[in-house]
Amino acid sequence: YEHAGLGNNRGDTLNLTINYSLRDNLNMGWNVNYVRDLNNIEVLYRAVALGWIDELQYIDKAGYTVNDVYAEWIRSDNFRVNLTVTNVFDKTFLDQSSVGDYTHIPGWGAVRGYNEAGRDIRLSATFTF
């Protein structure tokens, strides 16, 4: 996981995407992203090598499932409108690709990544000329 202060792990990831065309000019889609948890990851190799701590420590990375949806209306070849909702169920999670949670390790309580953004709703219009 970590050597010379750098490293990262990510659990097995499954992504399912379903797209559906209601009409020629109206499309919808749903995306599910599942990331399996990782447990007992050895960390702080560098801290041991430098003598800051006596032994390796362990962290866990919680798994999560995030759902996204979209709808797209195509008015013409030059104009379309898109509505996207990411993290539909407003799931709170720490992405496994970010810094892990070391807060349970004495002396490392400030080391933790940031939670991902909650639900995000975006409406966009595209005009090409």
# chains A, B, ... in the order shown; residues from 1 in each chain; ligands from 1

$ residues_around --residues "Asn87 (chain A)" --least-positions-apart "4" --cutoff "10 Å" --atoms "only C-alpha atoms" --output "ChimeraX atom specification"
/A:31-33,65-69,91-92,116-121

$ select_by_dssp --residues "region 20-104 of chain A" --states "strand (DSSP E)" --output "PyMOL selection string"
chain A and resi 20-23+26-35+38-43+57-61+64-76+79-86

$ residues_around --residues "Ile74 (chain A)" --least-positions-apart "5" --cutoff "8 Å" --atoms "only C-alpha atoms" --output "list in words"
Asn25, Leu26, Phe79, Arg80 and Val81 of chain A

$ write_last_selection --atoms "N, CA and C atoms" --output "PDB file, in the first residue's frame"
ATOM      1  N   ASN A  25     -35.223  11.504 -29.684  1.00  0.00           N
ATOM      2  CA  ASN A  25     -34.586  12.704 -29.146  1.00  0.00           C
ATOM      3  C   ASN A  25     -34.563  12.766 -27.612  1.00  0.00           C
ATOM      4  N   LEU A  26     -34.889  11.650 -26.942  1.00  0.00           N
ATOM      5  CA  LEU A  26     -34.904  11.644 -25.484  1.00  0.00           C
ATOM      6  C   LEU A  26     -34.224  10.377 -24.962  1.00  0.00           C
ATOM      7  N   PHE A  79     -28.651  21.711 -30.816  1.00  0.00           N
ATOM      8  CA  PHE A  79     -29.085  22.089 -29.471  1.00  0.00           C
ATOM      9  C   PHE A  79     -29.548  20.872 -28.683  1.00  0.00           C
ATOM     10  N   ARG A  80     -29.017  20.759 -27.460  1.00  0.00           N
ATOM     11  CA  ARG A  80     -29.430  19.675 -26.554  1.00  0.00           C
ATOM     12  C   ARG A  80     -29.395  20.155 -25.116  1.00  0.00           C
ATOM     13  N   VAL A  81     -30.227  19.539 -24.294  1.00  0.00           N
ATOM     14  CA  VAL A  81     -30.318  19.862 -22.872  1.00  0.00           C
ATOM     15  C   VAL A  81     -30.072  18.574 -22.088  1.00  0.00           C
TER      16      VAL A  81
END

$ residues_around --residues "Asn40 (chain A)" --least-positions-apart "6" --cutoff "9 Å" --atoms "only C-alpha atoms" --output "PDB file with all heavy atoms, in the first residue's frame"
ATOM      1  N   GLN A  57       1.207  -0.266  11.146  1.00  0.00           N
ATOM      2  CA  GLN A  57      -0.167  -0.109  11.595  1.00  0.00           C
ATOM      3  C   GLN A  57      -1.100  -0.609  10.489  1.00  0.00           C
ATOM      4  O   GLN A  57      -0.651  -0.924   9.388  1.00  0.00           O
ATOM      5  CB  GLN A  57      -0.454   1.366  11.908  1.00  0.00           C
ATOM      6  CG  GLN A  57       0.457   1.960  12.965  1.00  0.00           C
ATOM      7  CD  GLN A  57       0.250   1.318  14.317  1.00  0.00           C
ATOM      8  OE1 GLN A  57      -0.878   1.163  14.767  1.00  0.00           O
ATOM      9  NE2 GLN A  57       1.339   0.933  14.976  1.00  0.00           N
ATOM     10  N   TYR A  58      -2.387  -0.654  10.777  1.00  0.00           N
ATOM     11  CA  TYR A  58      -3.371  -1.167   9.821  1.00  0.00           C
ATOM     12  C   TYR A  58      -4.540  -0.195   9.691  1.00  0.00           C
ATOM     13  O   TYR A  58      -4.959   0.401  10.680  1.00  0.00           O
ATOM     14  CB  TYR A  58      -3.899  -2.538  10.266  1.00  0.00           C
ATOM     15  CG  TYR A  58      -2.821  -3.583  10.297  1.00  0.00           C
ATOM     16  CD1 TYR A  58      -2.022  -3.744  11.429  1.00  0.00           C
ATOM     17  CD2 TYR A  58      -2.583  -4.389   9.194  1.00  0.00           C
ATOM     18  CE1 TYR A  58      -1.014  -4.688  11.451  1.00  0.00           C
ATOM     19  CE2 TYR A  58      -1.574  -5.338   9.212  1.00  0.00           C
ATOM     20  CZ  TYR A  58      -0.791  -5.483  10.340  1.00  0.00           C
ATOM     21  OH  TYR A  58       0.208  -6.412  10.356  1.00  0.00           O
ATOM     22  N   ILE A  59      -5.030  -0.054   8.462  1.00  0.00           N
ATOM     23  CA  ILE A  59      -6.240   0.733   8.234  1.00  0.00           C
ATOM     24  C   ILE A  59      -7.213  -0.095   7.400  1.00  0.00           C
ATOM     25  O   ILE A  59      -6.826  -1.071   6.748  1.00  0.00           O
ATOM     26  CB  ILE A  59      -5.958   2.080   7.527  1.00  0.00           C
ATOM     27  CG1 ILE A  59      -5.416   1.857   6.104  1.00  0.00           C
ATOM     28  CG2 ILE A  59      -5.037   2.951   8.355  1.00  0.00           C
ATOM     29  CD1 ILE A  59      -5.357   3.121   5.266  1.00  0.00           C
ATOM     30  N   ASP A  60      -8.471   0.299   7.441  1.00  0.00           N
ATOM     31  CA  ASP A  60      -9.518  -0.292   6.608  1.00  0.00           C
ATOM     32  C   ASP A  60     -10.060   0.797   5.695  1.00  0.00           C
ATOM     33  O   ASP A  60     -10.045   1.975   6.042  1.00  0.00           O
ATOM     34  CB  ASP A  60     -10.675  -0.828   7.462  1.00  0.00           C
ATOM     35  CG  ASP A  60     -10.252  -1.968   8.374  1.00  0.00           C
ATOM     36  OD1 ASP A  60      -9.300  -2.691   8.029  1.00  0.00           O
ATOM     37  OD2 ASP A  60     -10.888  -2.130   9.431  1.00  0.00           O
ATOM     38  N   LYS A  61     -10.518   0.390   4.536  1.00  0.00           N
ATOM     39  CA  LYS A  61     -11.191   1.307   3.623  1.00  0.00           C
ATOM     40  C   LYS A  61     -12.580   0.746   3.367  1.00  0.00           C
ATOM     41  O   LYS A  61     -12.730  -0.353   2.832  1.00  0.00           O
ATOM     42  CB  LYS A  61     -10.431   1.440   2.302  1.00  0.00           C
ATOM     43  CG  LYS A  61      -9.124   2.195   2.442  1.00  0.00           C
ATOM     44  CD  LYS A  61      -8.510   2.456   1.093  1.00  0.00           C
ATOM     45  CE  LYS A  61      -7.316   3.373   1.205  1.00  0.00           C
ATOM     46  NZ  LYS A  61      -6.823   3.775  -0.112  1.00  0.00           N
TER      47      LYS A  61
END

$ residues_around --residues "Asp95 (chain A)" --least-positions-apart "4" --cutoff "10 Å" --atoms "only C-alpha atoms" --output "list of chain:residue names"
A:Arg10, A:Val35, A:Lys61, A:Ala62, A:Gly63, A:Tyr64, A:Val99, A:Gly100, A:Gly113, A:Tyr114, A:Asn115, A:Glu116

$ atom_distance --atom1 "CA of Gln96 (chain A)" --atom2 "CA of Asn19 (chain A)"
26.6 Å

$ select_by_dssp --residues "chain A" --states "alpha helix (DSSP H)" --output "NGL selection string"
:A and (45-49)

$ write_last_selection --atoms "C-alpha atoms" --output "compact mmCIF listing (two decimals), in the first residue's frame"
# COMPACT_ATOMS: atom_id res chain seq x y z
CA TYR A 45 6.29 1.71 6.42
CA ARG A 46 8.25 4.95 6.15
CA ALA A 47 7.41 5.97 9.72
CA VAL A 48 8.83 2.64 10.95
CA ALA A 49 11.94 3.02 8.75

$ atom_distance --atom1 "CA of Ser124 (chain A)" --atom2 "CA of Asn15 (chain A)"
24.5 Å

$ closest_residue --among "A:Asn27, A:Ala71, A:Trp108, A:Val43" --to "Thr86 (chain A)" --atoms "only C-alpha atoms"
A:Ala71

$ closest_residue --among "A:Asn78, A:Trp73, A:Phe89, A:Glu42" --to "Arg23 (chain A)" --atoms "only C-alpha atoms"
A:Trp73
